[in-house]
file work.tsv (TSV, C-alpha atoms)
chain	number	residue	atom	x	y	z
A	13	MET	CA	0.00	0.00	0.00
A	14	GLU	CA	2.79	2.35	0.89
A	15	LYS	CA	4.53	1.51	-2.38
A	16	ARG	CA	1.36	2.32	-4.25
A	17	ASN	CA	1.08	5.75	-2.65
A	18	GLU	CA	4.72	6.44	-3.44
A	19	PHE	CA	4.13	5.47	-7.07
A	20	ILE	CA	1.06	7.72	-7.33
A	21	SER	CA	2.83	10.74	-5.85
A	22	GLY	CA	5.62	10.10	-8.38
A	23	LEU	CA	3.07	10.14	-11.20
A	24	LYS	CA	1.68	13.46	-9.93
A	25	ASP	CA	5.14	15.03	-9.81
A	26	GLY	CA	5.91	13.67	-13.28
A	27	LEU	CA	2.89	15.18	-15.02
A	28	PRO	CA	4.15	18.78	-15.41
A	29	ILE	CA	7.52	17.45	-16.60
A	30	CYS	CA	5.68	15.36	-19.17
A	31	LEU	CA	3.86	18.40	-20.59
A	32	GLY	CA	7.16	20.24	-21.03
A	33	TYR	CA	8.74	17.19	-22.64
A	34	ILE	CA	6.02	16.75	-25.26
A	35	SER	CA	6.82	20.15	-26.80
A	36	VAL	CA	10.60	19.68	-26.79
A	37	SER	CA	10.45	16.12	-28.16
A	38	PHE	CA	7.94	17.30	-30.78
A	39	ALA	CA	10.61	19.71	-32.05
A	40	PHE	CA	13.17	16.90	-31.99
A	41	GLY	CA	10.91	14.52	-33.93
A	42	MET	CA	10.24	17.19	-36.50
A	43	LEU	CA	13.91	18.03	-36.98
A	44	ALA	CA	14.84	14.35	-37.25
A	45	ARG	CA	12.17	13.73	-39.87
A	46	GLN	CA	13.13	16.83	-41.88
A	47	SER	CA	16.72	15.62	-41.83
A	48	GLY	CA	15.59	12.45	-43.54
A	49	MET	CA	15.66	10.04	-40.61
A	50	PRO	CA	12.90	7.41	-40.60
A	51	ILE	CA	10.25	8.07	-37.93
A	52	TRP	CA	10.97	4.87	-36.00
A	53	THR	CA	14.67	5.68	-35.65
A	54	ALA	CA	13.81	9.08	-34.16
A	55	VAL	CA	11.48	7.38	-31.65
A	56	LEU	CA	14.12	4.74	-30.93
A	57	MET	CA	16.68	7.47	-30.19
A	58	SER	CA	14.27	9.20	-27.79
A	59	MET	CA	13.36	5.98	-26.00
A	60	SER	CA	16.97	4.81	-25.60
A	61	ASN	CA	18.61	8.18	-24.81
A	62	VAL	CA	16.07	10.40	-23.01
A	63	THR	CA	18.19	13.56	-23.28
A	64	SER	CA	17.35	16.77	-25.08
A	65	ALA	CA	20.62	18.57	-25.82
A	66	GLY	CA	22.41	15.22	-26.26
A	67	GLN	CA	19.94	14.03	-28.89
A	68	PHE	CA	19.96	17.30	-30.83
A	69	ALA	CA	23.76	17.34	-30.87
A	70	GLY	CA	23.89	13.65	-31.82
A	71	LEU	CA	21.43	14.18	-34.64
A	72	THR	CA	23.53	17.07	-35.98
A	73	LEU	CA	26.65	14.90	-35.90
A	74	ILE	CA	24.95	11.98	-37.64
A	75	LEU	CA	23.79	14.33	-40.42
A	76	ASN	CA	27.23	15.95	-40.75
A	77	GLN	CA	28.86	12.53	-41.14
A	78	GLY	CA	30.77	12.86	-37.86
A	79	THR	CA	32.87	9.92	-36.74
A	80	TYR	CA	31.71	7.45	-34.05
A	81	LEU	CA	34.46	8.74	-31.75
A	82	GLU	CA	33.21	12.31	-32.12
A	83	LEU	CA	29.72	11.09	-31.39
A	84	ALA	CA	30.74	9.24	-28.23
A	85	MET	CA	32.89	12.15	-27.00
A	86	THR	CA	30.21	14.77	-27.71
A	87	THR	CA	27.57	12.66	-25.97
A	88	LEU	CA	29.93	12.18	-23.04
A	89	ILE	CA	30.71	15.88	-22.65
A	90	ILE	CA	27.15	17.11	-23.14
A	91	ASN	CA	25.69	14.56	-20.73
A	92	LEU	CA	28.48	14.58	-18.15
A	93	ARG	CA	26.32	16.66	-15.83
A	94	TYR	CA	24.05	13.64	-15.30
A	95	SER	CA	26.81	11.91	-13.38
A	96	LEU	CA	26.75	14.64	-10.74
A	97	MET	CA	22.96	14.37	-10.55
A	98	SER	CA	23.13	10.57	-10.20
A	99	LEU	CA	25.70	11.07	-7.49
A	100	SER	CA	23.53	13.48	-5.53
A	101	LEU	CA	20.51	11.21	-5.92
A	102	SER	CA	22.45	8.13	-4.81
A	103	GLN	CA	23.01	9.77	-1.45
A	104	LYS	CA	19.36	10.60	-1.02
A	105	ILE	CA	17.95	7.16	-1.83
A	106	GLY	CA	19.67	5.37	1.06
A	107	GLU	CA	22.30	2.66	1.09
A	108	HIS	CA	19.89	-0.29	1.32
A	109	ILE	CA	18.63	0.21	-2.27
A	110	THR	CA	19.99	-2.68	-4.34
A	111	THR	CA	22.38	-2.32	-7.26
A	112	GLY	CA	19.71	-3.56	-9.69
A	113	LYS	CA	17.25	-0.90	-8.57
A	114	ARG	CA	19.95	1.78	-8.72
A	115	ALA	CA	20.75	0.70	-12.27
A	116	ALA	CA	17.08	0.98	-13.23
A	117	ILE	CA	16.50	4.38	-11.57
A	118	SER	CA	19.60	5.89	-13.17
A	119	PHE	CA	18.15	5.36	-16.68
A	120	GLY	CA	15.64	8.14	-15.98
A	121	VAL	CA	17.94	10.80	-14.52
A	122	THR	CA	17.22	13.94	-16.58
A	123	ASP	CA	17.63	17.60	-15.59
A	124	GLU	CA	13.94	17.98	-14.79
A	125	ILE	CA	13.38	14.63	-13.05
A	126	PHE	CA	16.48	15.29	-10.97
A	127	ALA	CA	15.27	18.77	-10.01
A	128	VAL	CA	11.78	17.59	-9.03
A	129	SER	CA	12.90	14.54	-7.06
A	130	MET	CA	15.57	16.49	-5.14
A	131	GLN	CA	12.88	18.93	-3.98
A	132	ARG	CA	10.89	16.11	-2.36
A	133	ARG	CA	11.19	16.16	1.43
A	134	GLU	CA	10.41	12.46	1.97
A	135	LYS	CA	12.95	9.69	1.42
A	136	LEU	CA	13.20	8.77	-2.25
A	137	THR	CA	12.01	5.23	-2.96
A	138	PRO	CA	12.18	3.09	-6.12
A	139	ALA	CA	8.35	3.20	-6.30
A	140	TYR	CA	8.41	7.01	-6.35
A	141	PHE	CA	11.03	6.99	-9.11
A	142	ALA	CA	8.96	4.54	-11.16
A	143	GLY	CA	6.13	7.10	-11.18
A	144	VAL	CA	8.15	10.28	-11.67
A	145	ILE	CA	10.09	8.72	-14.57
A	146	LEU	CA	7.28	6.81	-16.31
A	147	ILE	CA	5.01	9.73	-17.27
A	148	PRO	CA	7.73	12.06	-18.67
A	149	TYR	CA	9.29	9.07	-20.48
A	150	LEU	CA	6.03	8.28	-22.26
A	151	GLY	CA	5.58	11.97	-23.11
A	152	TRP	CA	9.11	12.12	-24.51
A	153	ALA	CA	8.49	9.12	-26.79
A	154	ALA	CA	4.98	10.19	-27.87
A	155	GLY	CA	6.10	13.77	-28.60
A	156	THR	CA	8.93	12.51	-30.80
A	157	PHE	CA	6.53	10.34	-32.79
A	158	LEU	CA	3.98	13.14	-33.23
A	159	GLY	CA	6.67	15.65	-34.27
A	160	ALA	CA	8.17	13.27	-36.80
A	161	TYR	CA	4.73	12.33	-38.11
A	162	ALA	CA	3.40	15.88	-38.39
A	163	SER	CA	6.48	17.23	-40.17
A	164	ASN	CA	5.36	15.33	-43.29
A	165	MET	CA	2.72	17.99	-43.82
A	166	MET	CA	4.80	21.04	-42.99
A	167	SER	CA	5.03	24.08	-45.33
A	168	PRO	CA	8.53	25.44	-46.15
A	169	ALA	CA	7.72	28.73	-44.36
A	170	LEU	CA	6.64	26.93	-41.22
A	171	SER	CA	9.57	24.53	-41.18
A	172	SER	CA	11.99	27.45	-41.69
A	173	ALA	CA	10.43	29.24	-38.72
A	174	LEU	CA	10.47	26.11	-36.56
A	175	GLY	CA	14.19	25.71	-37.26
A	176	ILE	CA	14.89	28.35	-34.62
A	177	ALA	CA	12.72	26.71	-31.92
A	178	ILE	CA	15.42	24.64	-30.24
A	179	TYR	CA	17.80	27.60	-30.07
A	180	GLY	CA	15.00	29.60	-28.45
A	181	MET	CA	14.74	26.89	-25.79
A	182	PHE	CA	18.49	26.93	-25.23
A	183	LEU	CA	18.42	30.72	-24.78
A	184	ALA	CA	15.56	30.34	-22.31
A	185	ILE	CA	17.87	28.14	-20.21
A	186	ILE	CA	21.12	30.12	-20.39
A	187	ILE	CA	19.95	33.76	-20.35
A	188	PRO	CA	17.78	34.06	-17.18
A	189	PRO	CA	20.57	33.22	-14.64
A	190	CYS	CA	22.85	35.82	-16.34
A	191	GLU	CA	21.20	38.71	-14.61
A	192	SER	CA	22.10	37.65	-11.08
A	193	MET	CA	25.20	35.50	-11.67
A	194	LYS	CA	28.47	36.99	-12.86
A	195	SER	CA	29.93	33.49	-13.20
A	196	ILE	CA	27.29	32.40	-15.73
A	197	ARG	CA	27.86	35.57	-17.77
A	198	TYR	CA	31.57	34.73	-17.76
A	199	VAL	CA	30.95	31.16	-19.01
A	200	LEU	CA	28.63	32.33	-21.77
A	201	ILE	CA	30.95	35.08	-23.04
A	202	ILE	CA	33.93	32.71	-23.23
A	203	ALA	CA	31.92	29.90	-24.82
A	204	ILE	CA	30.36	32.18	-27.45
A	205	ALA	CA	33.66	33.91	-28.27
A	206	LEU	CA	35.44	30.56	-28.70
A	207	SER	CA	32.60	29.10	-30.72
A	208	LEU	CA	32.72	32.08	-33.11
A	209	ALA	CA	36.51	31.81	-33.36
A	210	PHE	CA	36.27	28.12	-34.31
A	211	ARG	CA	33.72	28.97	-36.99
A	212	PHE	CA	35.38	31.95	-38.65
A	213	LEU	CA	39.16	31.98	-38.03
A	214	PRO	CA	41.47	30.22	-40.50
A	215	PHE	CA	42.87	26.83	-39.36
A	216	LEU	CA	40.47	26.74	-36.40
A	217	ASN	CA	37.53	26.44	-38.80
A	218	GLN	CA	38.96	23.17	-40.14
A	219	ILE	CA	37.99	21.37	-36.92
A	220	THR	CA	34.68	19.51	-37.10
A	221	SER	CA	31.70	20.74	-35.10
A	222	GLY	CA	31.68	17.84	-32.64
A	223	TRP	CA	35.19	18.55	-31.41
A	224	VAL	CA	34.49	22.28	-31.34
A	225	ILE	CA	31.65	21.74	-28.85
A	226	ILE	CA	33.88	19.54	-26.68
A	227	ILE	CA	36.87	21.94	-26.73
A	228	VAL	CA	34.72	25.02	-26.12
A	229	THR	CA	32.76	23.38	-23.28
A	230	ILE	CA	35.83	22.08	-21.44
A	231	THR	CA	37.72	25.37	-21.82
A	232	ALA	CA	34.86	27.66	-20.78
A	233	SER	CA	33.74	25.43	-17.86
A	234	ALA	CA	37.29	24.95	-16.56
A	235	LEU	CA	38.10	28.68	-16.73
A	236	ALA	CA	34.87	29.50	-14.90
A	237	ALA	CA	35.51	26.78	-12.30
A	238	LEU	CA	38.95	28.28	-11.61
A	239	ARG	CA	37.72	31.85	-11.40
A	240	TYR	CA	34.34	31.28	-9.74
A	241	PRO	CA	34.47	28.06	-7.68
A	242	ILE	CA	30.99	27.23	-6.41
A	243	SER	CA	29.97	26.37	-2.86
A	244	GLN	CA	28.66	22.94	-1.81
A	245	GLU	CA	25.05	24.19	-1.66
A	246	GLU	CA	25.05	25.52	-5.22
A	247	ALA	CA	26.43	22.24	-6.51
A	248	HIS	CA	23.32	20.42	-5.40
A	249	GLU	CA	20.72	22.91	-6.49
B	27	MET	CA	20.58	2.75	-42.00
B	28	ASN	CA	23.19	0.70	-40.13
B	29	ARG	CA	25.13	3.89	-39.48
B	30	ILE	CA	22.09	5.49	-37.84
B	31	LEU	CA	21.44	2.44	-35.63
B	32	ILE	CA	25.09	2.15	-34.55
B	33	SER	CA	25.11	5.90	-33.80
B	34	ILE	CA	21.96	5.60	-31.68
B	35	ALA	CA	23.47	2.65	-29.80
B	36	ILE	CA	26.71	4.56	-29.11
B	37	MET	CA	24.76	7.54	-27.79
B	38	ALA	CA	22.45	5.37	-25.65
B	39	VAL	CA	25.24	3.30	-24.08
B	40	THR	CA	27.42	6.37	-23.39
B	41	THR	CA	24.53	8.27	-21.83
B	42	TYR	CA	23.42	5.30	-19.74
B	43	LEU	CA	26.92	4.65	-18.37
B	44	ILE	CA	27.22	8.32	-17.36
B	45	ARG	CA	23.98	8.06	-15.40
B	46	MET	CA	24.40	4.55	-14.04
B	47	LEU	CA	28.04	4.34	-12.89
B	48	PRO	CA	27.98	7.12	-10.27
B	49	MET	CA	24.73	5.88	-8.75
B	50	VAL	CA	25.86	2.25	-8.59
B	51	LEU	CA	29.55	2.72	-7.73
B	52	CYS	CA	29.96	5.88	-5.66
B	53	ARG	CA	28.11	6.28	-2.43
B	54	LYS	CA	30.29	9.12	-1.13
B	55	LYS	CA	30.06	12.80	-2.10
B	56	ILE	CA	32.52	14.45	-4.49
B	57	GLU	CA	34.60	16.74	-2.32
B	58	ASN	CA	36.76	18.20	-5.08
B	59	GLN	CA	35.54	21.74	-5.54
B	60	PHE	CA	37.05	22.17	-9.00
B	61	ILE	CA	35.21	19.15	-10.42
B	62	GLN	CA	31.97	20.23	-8.75
B	63	SER	CA	32.32	23.71	-10.22
B	64	PHE	CA	33.31	22.41	-13.65
B	65	LEU	CA	30.23	20.16	-13.87
B	66	TYR	CA	28.03	22.99	-12.66
B	67	TYR	CA	29.09	25.20	-15.58
B	68	VAL	CA	29.03	22.53	-18.31
B	69	PRO	CA	25.34	22.87	-19.31
B	70	TYR	CA	25.71	26.64	-19.82
B	71	ALA	CA	28.94	26.35	-21.81
B	72	VAL	CA	27.62	23.60	-24.04
B	73	LEU	CA	24.29	25.27	-24.81
B	74	ALA	CA	25.99	28.60	-25.56
B	75	ALA	CA	28.46	26.89	-27.92
B	76	MET	CA	25.62	25.05	-29.66
B	77	THR	CA	23.47	28.18	-30.04
B	78	PHE	CA	26.09	30.59	-31.41
B	79	PRO	CA	26.66	31.04	-34.28
B	80	ASP	CA	24.33	28.22	-35.45
B	81	ILE	CA	21.15	30.10	-34.56
B	82	PHE	CA	21.85	32.55	-37.41
B	83	THR	CA	21.72	29.80	-40.02
B	84	SER	CA	18.76	27.94	-38.51
B	85	THR	CA	16.18	29.51	-40.87
B	86	ARG	CA	16.05	30.36	-44.58
B	87	SER	CA	17.65	33.82	-44.20
B	88	LEU	CA	20.10	35.61	-41.93
B	89	ALA	CA	17.61	38.47	-41.51
B	90	SER	CA	14.75	36.33	-40.24
B	91	ALA	CA	17.07	34.31	-38.00
B	92	SER	CA	18.48	37.52	-36.49
B	93	ALA	CA	14.97	38.80	-35.81
B	94	GLY	CA	14.06	35.49	-34.17
B	95	CYS	CA	17.25	35.52	-32.11
B	96	LEU	CA	16.56	39.04	-30.80
B	97	ALA	CA	12.99	38.06	-29.90
B	98	ALA	CA	14.22	34.95	-28.05
B	99	LEU	CA	16.90	36.94	-26.19
B	100	TRP	CA	14.34	39.51	-25.08
B	101	LEU	CA	11.78	36.91	-23.96
B	102	ALA	CA	14.45	34.88	-22.16
B	103	TYR	CA	15.72	38.03	-20.43
B	104	LYS	CA	12.14	38.64	-19.28
B	105	LYS	CA	12.31	35.12	-17.77
B	106	ARG	CA	9.53	33.57	-19.85
B	107	GLY	CA	9.41	29.76	-19.90
B	108	LEU	CA	11.11	27.51	-22.47
B	109	LEU	CA	7.98	27.06	-24.52
B	110	ILE	CA	7.06	30.78	-24.68
B	111	VAL	CA	10.60	31.77	-25.73
B	112	ALA	CA	10.69	29.08	-28.43
B	113	ILE	CA	7.24	29.93	-29.80
B	114	GLY	CA	8.01	33.66	-29.69
B	115	ALA	CA	11.15	33.11	-31.78
B	116	VAL	CA	9.26	30.91	-34.26
B	117	ILE	CA	6.44	33.44	-34.74
B	118	THR	CA	8.96	36.29	-35.15
B	119	VAL	CA	10.82	34.35	-37.88
B	120	TYR	CA	7.54	33.53	-39.63
B	121	LEU	CA	6.40	37.17	-39.60
B	122	ALA	CA	9.85	38.48	-40.62
B	123	GLU	CA	9.95	36.20	-43.67
B	124	TRP	CA	6.42	37.22	-44.60
B	125	LEU	CA	7.34	40.93	-44.30
B	126	ILE	CA	10.50	40.69	-46.42
B	127	GLY	CA	8.64	38.47	-48.85
B	128	ILE	CA	10.62	35.22	-49.03
call {"tool": "encode", "arguments": {"input": "work.tsv", "output": "structure tokens"}}
result
Amino acid sequence: MEKRNEFISGLKDGLPICLGYISVSFAFGMLARQSGMPIWTAVLMSMSNVTSAGQFAGLTLILNQGTYLELAMTTLIINLRYSLMSLSLSQKIGEHITTGKRAAISFGVTDEIFAVSMQRREKLTPAYFAGVILIPYLGWAAGTFLGAYASNMMSPALSSALGIAIYGMFLAIIIPPCESMKSIRYVLIIAIALSLAFRFLPFLNQITSGWVIIIVTITASALAALRYPISQEEAHE
Amino acid sequence: MNRILISIAIMAVTTYLIRMLPMVLCRKKIENQFIQSFLYYVPYAVLAAMTFPDIFTSTRSLASASAGCLAALWLAYKKRGLLIVAIGAVITVYLAEWLIGI
């Protein structure tokens, strides 16, 4: 009975995440379909990866004929933050949770699921995770399918306009904390300056986009970490 | 087709290992402040690098993309949600292309 209540409160917490996911995965499905990927491969990628930025970057690399090594490295760098989230969560779920259950829970660690579950005051149980992961996961898969399916009937004007959607979402993540945090402004300025340099300067522009993202991310994050080390509390926000 | 499937598998396995290994293996907190700080800044660095300069070639013309980018920056600065910022940028691009007659 207790397990059932835990599961249901997980479902409730997962519902708003699910609504957000449908729109983002819709954009992903549409982009994948427009790039010529079969619908089922787009859905397969969503169901096996469950990441937003990672999937968009991976899709770009696949289309640009990037190497498998580039793909693995880009995925690693973009998704590295999940390891810190998994780490924080592992300390909140208690030591008695078995390895098998830990392995299952970790599949669903996304930015949003992490944020919601860390806010919960009660002890985190596997039943709660089952609920809070299930609903957003289904939304992520369904949104991808709908986006890929609907893009078949998209006008050129609409698909041109929708091309900017994902960048709009990225800006909505990186711009708001700029106002109050000098450190975030510092990261963004370095990352953007380097990214532009790798696109437009001779020699540097010979490097493929996958490596550029890796080099820029490591450099900007490391410089910011040296100049603005964060406190323990911020690390777990 | 094989290339797509292998690519998806590489991404899925890499992503899963990143999520799974810390939760299964480490039960102590990371104490190293540099690594903590580095990981904290990674999402911002990576999204900024992916957005610029690519946002300017994400539509059919530089002009419409620039208009959409400005709209998104303004909405994001006003702290609107992800969906509102994205839709605002899309509508701006659509209207800009209609105005300049593409």
call {"tool": "interface_residues", "arguments": {"input": "work.tsv", "of": "chain A", "to": "chain B", "cutoff": "7 Å", "atoms": "all atoms listed in the file", "output": "VMD selection string"}}
result
chain A and resid 57 60 to 61 80 84 87 to 88 90 to 95 98 to 99 102 to 103 111 114 to 115 118 to 119 121 169 to 170 172 to 184 186 to 188 199 to 200 203 to 204 207 to 208 225 228 to 229 232 to 234 237 to 238 241 to 242 247
call {"tool": "write_last_selection", "arguments": {"input": "work.tsv", "atoms": "C-alpha atoms", "output": "short mmCIF file (atom, residue, chain, number, x, y, z; two decimals), in the frame of the given file"}}
result
data_model
loop_
_atom_site.label_atom_id
_atom_site.label_comp_id
_atom_site.auth_asym_id
_atom_site.auth_seq_id
_atom_site.Cartn_x
_atom_site.Cartn_y
_atom_site.Cartn_z
CA MET A 57 16.68 7.47 -30.19
CA SER A 60 16.97 4.81 -25.60
CA ASN A 61 18.61 8.18 -24.81
CA TYR A 80 31.71 7.45 -34.05
CA ALA A 84 30.74 9.24 -28.23
CA THR A 87 27.57 12.66 -25.97
CA LEU A 88 29.93 12.18 -23.04
CA ILE A 90 27.15 17.11 -23.14
CA ASN A 91 25.69 14.56 -20.73
CA LEU A 92 28.48 14.58 -18.15
CA ARG A 93 26.32 16.66 -15.83
CA TYR A 94 24.05 13.64 -15.30
CA SER A 95 26.81 11.91 -13.38
CA SER A 98 23.13 10.57 -10.20
CA LEU A 99 25.70 11.07 -7.49
CA SER A 102 22.45 8.13 -4.81
CA GLN A 103 23.01 9.77 -1.45
CA THR A 111 22.38 -2.32 -7.26
CA ARG A 114 19.95 1.78 -8.72
CA ALA A 115 20.75 0.70 -12.27
CA SER A 118 19.60 5.89 -13.17
CA PHE A 119 18.15 5.36 -16.68
CA VAL A 121 17.94 10.80 -14.52
CA ALA A 169 7.72 28.73 -44.36
CA LEU A 170 6.64 26.93 -41.22
CA SER A 172 11.99 27.45 -41.69
CA ALA A 173 10.43 29.24 -38.72
CA LEU A 174 10.47 26.11 -36.56
CA GLY A 175 14.19 25.71 -37.26
CA ILE A 176 14.89 28.35 -34.62
CA ALA A 177 12.72 26.71 -31.92
CA ILE A 178 15.42 24.64 -30.24
CA TYR A 179 17.80 27.60 -30.07
CA GLY A 180 15.00 29.60 -28.45
CA MET A 181 14.74 26.89 -25.79
CA PHE A 182 18.49 26.93 -25.23
CA LEU A 183 18.42 30.72 -24.78
CA ALA A 184 15.56 30.34 -22.31
CA ILE A 186 21.12 30.12 -20.39
CA ILE A 187 19.95 33.76 -20.35
CA PRO A 188 17.78 34.06 -17.18
CA VAL A 199 30.95 31.16 -19.01
CA LEU A 200 28.63 32.33 -21.77
CA ALA A 203 31.92 29.90 -24.82
CA ILE A 204 30.36 32.18 -27.45
CA SER A 207 32.60 29.10 -30.72
CA LEU A 208 32.72 32.08 -33.11
CA ILE A 225 31.65 21.74 -28.85
CA VAL A 228 34.72 25.02 -26.12
CA THR A 229 32.76 23.38 -23.28
CA ALA A 232 34.86 27.66 -20.78
CA SER A 233 33.74 25.43 -17.86
CA ALA A 234 37.29 24.95 -16.56
CA ALA A 237 35.51 26.78 -12.30
CA LEU A 238 38.95 28.28 -11.61
CA PRO A 241 34.47 28.06 -7.68
CA ILE A 242 30.99 27.23 -6.41
CA ALA A 247 26.43 22.24 -6.51
#
call {"tool": "closest_residue", "arguments": {"input": "work.tsv", "among": "A:Pro148, A:Gly120, A:Pro28, A:Pro138", "to": "A:His108", "atoms": "all atoms listed in the file"}}
result
A:Pro138
call {"tool": "atom_distance", "arguments": {"input": "work.tsv", "atom1": "atom CA of A:Phe157", "atom2": "atom CA of A:Phe38"}}
result
7.4 Å
call {"tool": "atom_distance", "arguments": {"input": "work.tsv", "atom1": "atom CA of A:Ala142", "atom2": "atom CA of A:Ala65"}}
result
23.4 Å
call {"tool": "atom_distance", "arguments": {"input": "work.tsv", "atom1": "atom CA of A:Glu107", "atom2": "atom CA of A:Arg133"}}
result
17.5 Å
call {"tool": "build_atoms", "arguments": {"input": "work.tsv", "residues": "stretch 139-153 of chain A", "atoms": "N, CA and C atoms", "output": "short mmCIF file (atom, residue, chain, number, x, y, z; two decimals), in the frame of the given file"}}
result
data_model
loop_
_atom_site.label_atom_id
_atom_site.label_comp_id
_atom_site.auth_asym_id
_atom_site.auth_seq_id
_atom_site.Cartn_x
_atom_site.Cartn_y
_atom_site.Cartn_z
N ALA A 139 9.73 3.06 -5.83
CA ALA A 139 8.35 3.20 -6.30
C ALA A 139 8.07 4.64 -6.74
N TYR A 140 8.58 5.60 -5.98
CA TYR A 140 8.41 7.01 -6.35
C TYR A 140 9.08 7.27 -7.70
N PHE A 141 10.30 6.78 -7.86
CA PHE A 141 11.03 6.99 -9.11
C PHE A 141 10.29 6.37 -10.30
N ALA A 142 9.69 5.19 -10.07
CA ALA A 142 8.96 4.54 -11.16
C ALA A 142 7.88 5.49 -11.68
N GLY A 143 7.19 6.18 -10.77
CA GLY A 143 6.13 7.10 -11.18
C GLY A 143 6.67 8.37 -11.82
N VAL A 144 7.68 8.98 -11.20
CA VAL A 144 8.15 10.28 -11.67
C VAL A 144 8.94 10.16 -12.98
N ILE A 145 9.39 8.94 -13.29
CA ILE A 145 10.09 8.72 -14.57
C ILE A 145 9.12 8.28 -15.66
N LEU A 146 8.16 7.42 -15.30
CA LEU A 146 7.28 6.81 -16.31
C LEU A 146 6.53 7.83 -17.17
N ILE A 147 5.85 8.79 -16.52
CA ILE A 147 5.01 9.73 -17.27
C ILE A 147 5.83 10.61 -18.21
N PRO A 148 6.92 11.26 -17.73
CA PRO A 148 7.73 12.06 -18.67
C PRO A 148 8.34 11.20 -19.79
N TYR A 149 8.70 9.96 -19.46
CA TYR A 149 9.29 9.07 -20.48
C TYR A 149 8.31 8.81 -21.61
N LEU A 150 7.05 8.52 -21.24
CA LEU A 150 6.03 8.28 -22.26
C LEU A 150 5.78 9.54 -23.08
N GLY A 151 5.78 10.70 -22.41
CA GLY A 151 5.58 11.97 -23.11
C GLY A 151 6.71 12.24 -24.09
N TRP A 152 7.93 11.91 -23.67
CA TRP A 152 9.11 12.12 -24.51
C TRP A 152 9.01 11.27 -25.79
N ALA A 153 8.61 10.02 -25.63
CA ALA A 153 8.49 9.12 -26.79
C ALA A 153 7.33 9.54 -27.69
#
